[in-house]
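Structure data (compact mmCIF, C-alpha atoms) from input20.txt:
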# COMPACT_ATOMS: atom_id res chain seq x y z
CA MET Z 1257 -31.88 -34.99 29.12
CA GLU Z 1258 -29.49 -32.13 29.82
CA GLN Z 1259 -27.39 -31.04 26.89
CA SER Z 1260 -23.63 -31.56 27.35
CA ASP Z 1261 -21.25 -28.61 27.60
CA GLU Z 1262 -19.56 -29.73 24.39
CA ALA Z 1263 -22.88 -29.77 22.49
CA LEU Z 1264 -23.78 -26.36 23.89
CA CYS Z 1265 -20.43 -24.98 22.75
CA ARG Z 1266 -21.13 -26.22 19.21
CA ASP Z 1267 -24.51 -24.49 19.44
CA VAL Z 1268 -22.79 -21.28 20.49
CA ALA Z 1269 -20.56 -21.57 17.41
CA ASN Z 1270 -23.71 -21.96 15.28
CA ARG Z 1271 -25.25 -18.96 17.05
CA GLU Z 1272 -28.18 -21.00 18.37
CA PRO Z 1273 -30.29 -18.71 20.59
CA GLY Z 1274 -29.96 -19.35 24.30
CA ALA Z 1275 -26.92 -21.64 24.08
CA PHE Z 1276 -24.44 -18.98 25.20
CA ASP Z 1277 -26.63 -17.86 28.10
CA LEU Z 1278 -26.95 -21.44 29.29
CA LEU Z 1279 -23.19 -22.00 29.21
CA VAL Z 1280 -22.65 -18.73 31.09
CA GLU Z 1281 -25.09 -19.81 33.79
CA ARG Z 1282 -23.36 -23.17 34.13
CA TYR Z 1283 -19.86 -21.77 34.36
CA GLN Z 1284 -20.18 -18.24 35.77
CA GLU Z 1285 -19.50 -19.16 39.39
CA ARG Z 1286 -16.62 -21.51 38.61
CA ALA Z 1287 -15.11 -18.96 36.21
CA TYR Z 1288 -15.29 -16.18 38.78
CA ARG Z 1289 -13.93 -18.42 41.55
CA ILE Z 1290 -10.93 -19.51 39.47
CA ALA Z 1291 -10.28 -15.96 38.28
CA TRP Z 1292 -10.48 -14.70 41.84
CA SER Z 1293 -8.04 -17.36 43.01
CA ILE Z 1294 -5.50 -16.03 40.51
CA VAL Z 1295 -5.99 -12.25 40.59
CA ARG Z 1296 -7.28 -11.83 44.17
CA ASP Z 1297 -9.38 -8.80 43.30
CA ARG Z 1298 -13.17 -8.87 43.01
CA GLU Z 1299 -13.56 -6.42 40.10
CA GLU Z 1300 -10.56 -7.77 38.21
CA ALA Z 1301 -11.80 -11.35 38.67
CA LYS Z 1302 -15.24 -10.36 37.40
CA ASP Z 1303 -13.71 -8.63 34.35
CA CYS Z 1304 -11.49 -11.64 33.60
CA ALA Z 1305 -14.41 -14.07 33.85
CA GLN Z 1306 -16.51 -11.87 31.55
CA GLU Z 1307 -13.62 -11.52 29.09
CA ALA Z 1308 -13.26 -15.32 29.05
CA PHE Z 1309 -16.95 -15.68 28.17
CA ILE Z 1310 -16.59 -13.10 25.41
CA ARG Z 1311 -13.61 -15.02 23.99
CA LEU Z 1312 -15.67 -18.20 24.27
CA HIS Z 1313 -18.45 -16.55 22.27
CA GLU Z 1314 -16.00 -15.36 19.63
CA GLY Z 1315 -13.98 -18.58 19.44
CA ALA Z 1316 -16.55 -21.34 20.03
CA GLY Z 1317 -16.01 -22.48 16.43
CA SER Z 1318 -12.39 -23.33 17.22
CA PHE Z 1319 -13.37 -25.82 19.96
CA ALA Z 1320 -12.40 -29.11 18.33
CA GLY Z 1321 -14.15 -31.31 20.87
CA GLN Z 1322 -11.05 -33.44 21.51
CA ALA Z 1323 -10.60 -32.10 25.05
CA LYS Z 1324 -13.39 -31.59 27.57
CA PHE Z 1325 -15.16 -28.26 27.19
CA SER Z 1326 -14.26 -27.34 30.78
CA THR Z 1327 -10.53 -27.85 30.14
CA TRP Z 1328 -10.70 -25.75 26.96
CA PHE Z 1329 -12.67 -22.98 28.67
CA TYR Z 1330 -10.47 -22.90 31.80
CA ARG Z 1331 -7.48 -22.45 29.52
CA ILE Z 1332 -9.08 -19.37 27.98
CA LEU Z 1333 -9.93 -18.12 31.45
CA VAL Z 1334 -6.48 -18.61 32.96
CA ASN Z 1335 -4.91 -16.90 29.94
CA CYS Z 1336 -7.24 -13.92 30.46
CA CYS Z 1337 -6.18 -13.72 34.11
CA LEU Z 1338 -2.46 -14.00 33.44
CA ASP Z 1339 -2.65 -11.54 30.50
CA ASN Z 1340 -4.57 -9.10 32.65
CA ARG Z 1341 -2.06 -9.40 35.42
CA ARG Z 1342 0.93 -8.92 33.12
CA ARG Z 1343 -0.69 -5.86 31.51
CA GLY Z 1344 -1.63 -4.23 34.76
CA ARG Z 1345 1.39 -4.98 36.87
CA GLY Z 1346 3.74 -2.29 35.59
CA TRP Z 1347 1.16 0.46 36.02
CA ARG Z 1348 0.08 -0.78 39.41
CA ARG Z 1349 3.66 -0.72 40.63
CA LEU Z 1350 3.93 2.92 39.58
CA LEU Z 1351 0.55 4.18 40.65
CA VAL Z 1352 -0.73 1.94 43.45
CA TRP Z 1353 2.38 1.23 45.44
CA ARG Z 1354 0.34 1.49 48.63
CA ASP Z 1355 -1.49 -1.77 47.84
CA ALA Z 1356 1.80 -3.56 47.37
CA GLU Z 1357 2.94 -2.40 50.79
CA ASP Z 1358 -0.29 -3.70 52.31
CA GLU Z 1359 0.18 -7.06 50.59
CA GLU Z 1360 3.72 -7.27 51.87
CA SER Z 1361 2.64 -6.58 55.43
CA ALA Z 1362 -0.04 -9.26 55.11
CA GLY Z 1363 2.66 -11.69 53.98
CA ASP Z 1364 4.87 -10.72 56.89
CA LEU Z 1365 2.02 -11.31 59.31
CA ILE Z 1366 1.57 -14.83 58.01
CA GLU Z 1367 5.30 -15.49 58.21
CA ARG Z 1368 5.40 -14.18 61.78
CA GLN Z 1369 2.60 -16.41 62.98
CA PRO Z 1370 3.89 -19.38 64.96
CA ALA Z 1371 3.53 -22.92 63.63
CA PRO Z 1372 0.38 -24.66 64.88
CA PRO Z 1373 0.86 -26.32 68.25
CA ASP Z 1374 1.07 -30.09 68.48
CA ASP Z 1375 -1.08 -30.21 71.58
CA PRO Z 1376 -4.65 -31.01 70.44
CA GLY Z 1377 -5.99 -28.91 73.29
CA GLU Z 1378 -4.37 -25.80 71.81
CA ARG Z 1379 -5.48 -26.31 68.25
CA MET Z 1380 -7.18 -23.43 66.52
CA ASP Z 1381 -10.80 -23.81 65.73
CA GLU Z 1382 -11.92 -24.87 62.27
CA ASP Z 1383 -12.80 -21.40 60.97
CA GLN Z 1384 -9.48 -19.94 61.97
CA GLN Z 1385 -7.63 -22.79 60.30
CA MET Z 1386 -9.57 -22.35 57.06
CA SER Z 1387 -9.06 -18.63 57.08
CA ARG Z 1388 -5.37 -19.12 57.71
CA ILE Z 1389 -4.85 -21.64 54.94
CA TRP Z 1390 -6.50 -19.36 52.36
CA LYS Z 1391 -4.45 -16.40 53.59
CA ALA Z 1392 -1.40 -18.56 52.99
CA VAL Z 1393 -2.66 -19.51 49.52
CA GLU Z 1394 -2.75 -15.78 48.72
CA THR Z 1395 1.01 -15.61 49.14
CA LEU Z 1396 1.64 -18.23 46.42
CA SER Z 1397 2.55 -17.26 42.86
CA PRO Z 1398 -0.39 -16.91 40.41
CA GLN Z 1399 0.59 -20.14 38.66
CA GLN Z 1400 0.75 -22.02 41.96
CA ARG Z 1401 -2.61 -20.58 43.06
CA ALA Z 1402 -4.15 -21.56 39.75
CA ALA Z 1403 -2.81 -25.11 40.03
CA VAL Z 1404 -4.00 -25.46 43.65
CA THR Z 1405 -7.47 -24.08 42.87
CA LEU Z 1406 -7.91 -26.23 39.76
CA GLN Z 1407 -6.87 -29.37 41.60
CA TYR Z 1408 -8.52 -28.95 44.99
CA ARG Z 1409 -11.54 -26.75 44.26
CA GLU Z 1410 -12.37 -27.83 40.72
CA GLY Z 1411 -11.13 -31.42 40.97
CA LEU Z 1412 -8.93 -31.43 37.85
CA ALA Z 1413 -6.21 -34.05 37.44
CA THR Z 1414 -2.59 -33.01 36.95
CA LYS Z 1415 -2.82 -33.80 33.22
CA GLU Z 1416 -5.86 -31.52 32.80
CA ILE Z 1417 -4.19 -28.73 34.77
CA ALA Z 1418 -1.17 -29.02 32.46
CA SER Z 1419 -3.49 -28.55 29.51
CA VAL Z 1420 -5.23 -25.56 31.11
CA LEU Z 1421 -1.94 -23.89 32.04
CA ASN Z 1422 -0.42 -24.82 28.67
CA THR Z 1423 2.55 -26.50 30.27
CA SER Z 1424 3.90 -29.98 30.99
CA GLU Z 1425 2.67 -32.33 33.70
CA ALA Z 1426 6.15 -32.20 35.24
CA THR Z 1427 5.90 -28.41 35.60
CA VAL Z 1428 2.47 -28.69 37.22
CA ARG Z 1429 3.89 -31.23 39.68
CA VAL Z 1430 6.66 -28.78 40.54
CA HIS Z 1431 4.14 -25.91 41.00
CA LEU Z 1432 1.96 -28.05 43.25
CA HIS Z 1433 4.84 -29.44 45.27
CA ARG Z 1434 6.31 -25.98 45.89
CA ALA Z 1435 2.87 -24.63 46.75
CA PHE Z 1436 2.32 -27.39 49.29
CA ALA Z 1437 5.82 -27.01 50.73
CA ALA Z 1438 5.13 -23.28 51.23
CA LEU Z 1439 1.70 -23.94 52.78
CA ARG Z 1440 3.19 -26.53 55.08
CA ARG Z 1441 5.82 -24.04 56.27
CA ARG Z 1442 3.20 -21.36 56.88
CA VAL Z 1443 0.28 -23.22 58.40
CA GLY Z 1444 1.65 -26.64 59.25
CA GLY Z 1445 0.28 -29.88 57.92
CA THR Z 1446 -1.24 -32.27 60.40
CA ARG Z 1447 -4.27 -31.09 62.31
CA MET I 95 17.87 -45.18 50.07
CA THR I 96 16.77 -43.70 46.74
CA ALA I 97 16.50 -39.92 46.20
CA HIS I 98 13.40 -38.31 47.72
CA PRO I 99 10.56 -38.47 45.16
CA THR I 100 9.45 -34.94 46.09
CA ASP I 101 7.46 -33.95 42.99
CA ARG I 102 5.67 -37.31 42.87
CA LEU I 103 4.32 -37.31 46.41
CA LEU I 104 1.15 -35.38 45.54
CA PRO I 105 0.38 -37.47 42.43
CA TYR I 106 1.03 -40.50 44.67
CA LEU I 107 -1.52 -39.22 47.18
CA HIS I 108 -4.09 -38.65 44.43
CA GLY I 109 -3.57 -42.05 42.84
CA GLU I 110 -2.25 -40.57 39.59
CA LEU I 111 0.87 -42.72 39.29
CA ALA I 112 1.36 -45.93 37.33
CA ALA I 113 1.58 -49.12 39.38
CA ALA I 114 5.37 -49.47 39.06
CA GLU I 115 5.99 -45.87 40.10
CA ARG I 116 3.60 -46.20 43.00
CA ALA I 117 5.34 -49.35 44.18
CA ALA I 118 8.71 -47.56 44.03
CA ILE I 119 7.37 -44.78 46.22
CA ASP I 120 5.86 -47.28 48.66
CA THR I 121 9.31 -48.82 49.00
CA HIS I 122 10.91 -45.41 49.53
CA LEU I 123 8.32 -44.39 52.13
CA ALA I 124 8.88 -47.58 54.10
CA ALA I 125 12.49 -46.48 54.60
CA CYS I 126 12.16 -42.67 54.75
CA ALA I 127 10.54 -41.04 57.78
CA GLU I 128 11.00 -37.56 56.30
CA CYS I 129 8.92 -38.39 53.21
CA ARG I 130 6.33 -40.15 55.36
CA ASP I 131 5.92 -36.94 57.37
CA THR I 132 5.66 -34.93 54.16
CA VAL I 133 2.97 -37.24 52.75
CA ARG I 134 1.03 -37.07 56.01
CA ASP I 135 1.17 -33.26 56.11
CA PHE I 136 0.35 -32.92 52.40
CA ALA I 137 -2.68 -35.20 52.84
CA ALA I 138 -3.95 -33.03 55.69
CA LEU I 139 -3.42 -29.84 53.67
CA ALA I 140 -5.14 -31.32 50.61
CA GLU I 141 -8.12 -32.31 52.71
CA ARG I 142 -8.37 -28.83 54.22
CA LEU I 143 -8.09 -27.13 50.83
CA ALA I 144 -10.80 -29.35 49.37
CA ARG I 145 -13.32 -28.58 52.10
CA ALA I 146 -12.37 -25.00 52.92
CA PRO I 147 -15.26 -22.53 52.53
CA GLU I 148 -15.37 -20.52 49.34
CA PRO I 149 -13.21 -17.46 49.93
CA ALA I 150 -14.18 -15.37 46.87
CA PRO I 151 -16.26 -12.25 47.66
CA PRO I 152 -19.90 -12.63 46.54
CA LEU I 153 -21.21 -11.30 43.21
CA HIS I 154 -24.72 -10.53 41.97
CA TRP I 155 -25.06 -12.98 39.08
CA GLY I 156 -27.90 -11.14 37.36
CA ALA I 157 -25.77 -8.01 37.21
CA PHE I 158 -22.80 -10.08 36.07
CA ARG I 159 -24.75 -11.47 33.10
CA ALA I 160 -26.26 -8.07 32.22
CA GLN I 161 -22.82 -6.47 32.19
CA LEU I 162 -21.46 -9.38 30.13
CA ARG I 163 -24.24 -8.96 27.54
CA ASP I 164 -23.47 -5.25 27.39
CA LYS I 165 -19.75 -5.86 26.86
CA LEU I 166 -20.47 -8.47 24.20
CA GLU I 167 -22.77 -6.12 22.31
CA ARG I 168 -20.22 -3.31 22.45
CA ARG I 169 -17.49 -5.66 21.22
CA GLN I 170 -19.65 -6.75 18.30
CA ARG I 171 -20.39 -3.17 17.21
CA PRO I 172 -18.05 -1.61 14.64
CA ALA I 173 -15.33 0.41 16.32
CA ALA I 174 -16.45 3.99 16.80
CA ALA I 175 -14.24 6.83 15.67
CA GLY I 176 -11.86 7.87 18.37
CA ARG I 177 -12.45 4.70 20.36
CA ARG I 178 -8.78 3.90 20.35
CA TRP I 179 -8.12 6.88 22.60
CA SER I 180 -10.34 5.40 25.27
CA LEU I 181 -8.08 2.34 25.38
CA TRP I 182 -5.11 4.43 26.48
CA PRO I 183 -6.36 6.60 29.36
CA VAL I 184 -3.37 6.08 31.63
CA PRO I 185 -0.58 6.69 29.07
CA ALA I 186 -2.45 9.77 27.81
CA THR I 187 -2.77 11.14 31.35
CA LEU I 188 0.89 10.49 32.06
CA ALA I 189 1.97 12.09 28.78
CA ALA I 190 -0.10 15.18 29.63
CA GLY I 191 1.44 15.29 33.10
CA LEU I 192 4.93 14.97 31.68
CA ALA I 193 4.28 17.78 29.19
CA ALA I 194 2.97 20.02 31.99
CA VAL I 195 6.04 19.41 34.16
CA LEU I 196 8.44 20.06 31.25
CA LEU I 197 6.57 23.26 30.39
CA TYR I 198 6.67 24.40 34.00
CA LEU I 199 10.41 23.76 34.34
CA GLY I 200 11.14 25.26 30.94
CA VAL I 201 9.25 28.51 31.53
CA LEU I 202 10.29 29.24 35.10
CA GLY I 203 13.78 27.75 35.17
CA PRO I 204 15.66 26.95 38.37
CA GLY I 205 17.21 30.43 39.01
CA GLY I 206 15.72 33.72 40.21
CA LEU I 207 12.65 32.32 41.81
CA THR I 208 10.93 33.52 44.93
CA PRO I 209 11.03 31.26 48.02
CA VAL I 210 7.64 29.92 46.94
CA GLY I 211 9.11 29.35 43.49
CA LYS I 212 12.11 27.52 44.99
CA GLN I 213 9.81 25.22 46.89
CA ALA I 214 7.93 24.59 43.68
CA THR I 215 11.22 23.79 41.96
CA LEU I 216 12.04 21.25 44.65
CA GLU I 217 8.64 19.65 44.23
CA GLY I 218 9.23 19.65 40.50
CA GLN I 219 12.54 17.84 40.99
CA VAL I 220 10.87 15.21 43.16
CA LEU I 221 8.17 14.77 40.56
CA ASP I 222 10.79 14.67 37.83
CA GLY I 223 12.51 11.84 39.73
CA ARG I 224 9.28 9.90 39.81
CA LEU I 225 8.72 10.51 36.13
CA ASP I 226 12.18 9.10 35.50
CA VAL I 227 10.59 5.79 36.48
CA VAL I 228 8.14 6.35 33.63
CA SER I 229 11.03 6.66 31.21
CA GLN I 230 12.07 3.18 32.33
CA LEU I 231 8.58 1.86 31.70
CA ASP I 232 9.72 -1.01 29.50
CA LEU I 233 11.91 -2.24 32.32
CA VAL I 234 9.18 -1.75 34.95
CA GLN I 235 6.57 -3.55 32.86
CA ASN I 236 8.91 -6.48 32.40
CA LEU I 237 9.51 -6.84 36.13
CA ASP I 238 6.77 -9.44 36.22
CA LEU I 239 9.13 -11.77 34.37
CA PHE I 240 10.52 -12.42 37.83
CA GLU I 241 7.19 -12.50 39.56
CA ASP I 242 7.53 -16.28 39.76
CA PHE I 243 10.81 -16.60 41.63
CA ASP I 244 11.04 -20.19 40.49
CA ASP I 245 12.32 -18.70 37.21
CA ILE I 246 15.40 -17.41 38.99
CA ASP I 247 16.33 -20.96 39.98
CA ARG I 248 16.27 -21.91 36.35
CA LEU I 249 18.65 -19.18 35.19
CA ASP I 250 22.16 -20.18 34.15
CA PRO I 251 24.73 -19.63 36.91
CA PRO I 252 27.09 -16.69 36.31
CA ALA I 253 30.30 -17.55 34.43
CA PRO I 254 33.33 -17.84 36.72
CA ARG I 255 35.53 -14.76 36.72
CA HIS I 256 39.11 -15.26 35.63
CA GLU I 257 41.64 -13.08 37.37
CA SER I 258 44.38 -11.98 34.98

Would you give me this structure, written as structure tokens?
Amino acid sequence: MEQSDEALCRDVANREPGAFDLLVERYQERAYRIAWSIVRDREEAKDCAQEAFIRLHEGAGSFAGQAKFSTWFYRILVNCCLDNRRRGRGWRRLLVWRDAEDEESAGDLIERQPAPPDDPGERMDEDQQMSRIWKAVETLSPQQRAAVTLQYREGLATKEIASVLNTSEATVRVHLHRAFAALRRRVGGTR
Amino acid sequence: MTAHPTDRLLPYLHGELAAAERAAIDTHLAACAECRDTVRDFAALAERLARAPEPAPPLHWGAFRAQLRDKLERRQRPAAAGRRWSLWPVPATLAAGLAAVLLYLGVLGPGGLTPVGKQATLEGQVLDGRLDVVSQLDLVQNLDLFEDFDDIDRLDPPAPRHES
């Protein structure tokens, strides 16, 4: 029988050989995907995911087992991403202003695109729609992107997202509602 | 009609509300075409988000784990002498740049320069202007406080001005 994440985390705390590697293999893709959804940069997302695993290794003993392991780990991960972003933002604004201009033009392009037509015969094909919705997700705030990714890609409930983001359920509802309102404005809702 | 239950429409869609709250929203939706449209559009968006292809760029997982092991080992080693300098490459570079500019301006001065020197002075002034941003670094680094513009909505409104 496969060992649970929670049991593996206890093994990591006890420095059982192989336990950490197994947890990394189980969570590496999810960790990277969530990190990427927040920071939108391949190298930065990889660094954040690795940093989260390092913090997991160092702090496995503090996992009380009251919450699910995934919720506890995602909280570490999201904190890594938001910390990283806060630390880097001032320097990036000074030194990499070109990227910011590119991001702004990308945002403008999305805003300038017309709303999807009502006529089914003029609907965009599936790939274009998917590409467009994720482009629109990129324009959301990091907290909104995190909430959207955790709910719709990772399947977390609002209560779990609140725990991951260290905030109230009401705040998560506001983040999600505003994210959806923005997506609806940019890409439309009904297909 | 009751107020629009905006923040509860997504939890409603995902079946996260208690029975009484759900019933209240059902009643509201029966009377509110605007909220019905919103629920319909949100449901379509949620469905698209859930089945959209993974947008993250691919990684080589073997390399990811090898690099992670390397970082973990380095973190577990005692801090080497002088390691702290490696944590501050950007501030050190900027400090060196600032010192160089100050030295340049101090030695040559703005007067009595050749045309080439005058051009260099102009460039120095432009650079000095940029470095002025560095002197406001605390302010620049805190700009991300307003990165989530929702925060602005939550600020207190300005006090009314009283004309004397």

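Taking atom CA of His122 of chain I and atom CA of Gln1407 of chain Z as the two end points, the separation is 25.2 Å.
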
Item to complete: Considering only C-alpha atoms, return as a VMD selection string whatever protein or nucleic-acid residues lie within 9 Å of Phe1436 of chain Z, sequence-local ones (same chain, fewer than 6 positions apart) excluded.
Response: (chain Z and resid 1404) or (chain I and resid 104 136 139 to 140)

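Distance check against chain I using all atoms listed in the file: of Z:Gln1384, Z:Thr1395, Z:Ser1318, Z:Ser1293, the minimum falls on Z:Ser1293.
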
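Closest approach to His1431 of chain Z among I:Lys165, I:His154, I:Arg102, I:Arg145: I:Arg102, based on all atoms listed in the file.
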
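Between Leu111 of chain I and the candidates Z:Cys1337, Z:Ala1301, Z:Ala1316, Z:Arg1429, the tightest atom-to-atom separation, counting all atoms listed in the file, involves Z:Arg1429.
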
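Using all atoms listed in the file for every distance, the candidate list I:Leu166, I:Ala150, I:Ala193, I:Leu107 yields I:Ala150 as the residue closest to Ile1290 of chain Z.
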
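Using only C-alpha atoms, the smallest distance between any of I:Glu128, I:Glu115, I:Glu141, I:Asp120 and chain Z comes from I:Glu141.
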
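Distance annotation: of I:Leu103, I:Ala138, I:Leu153, I:Ala114, the residue with the minimal separation from Arg1298 of chain Z is I:Leu153; atom set is only C-alpha atoms.
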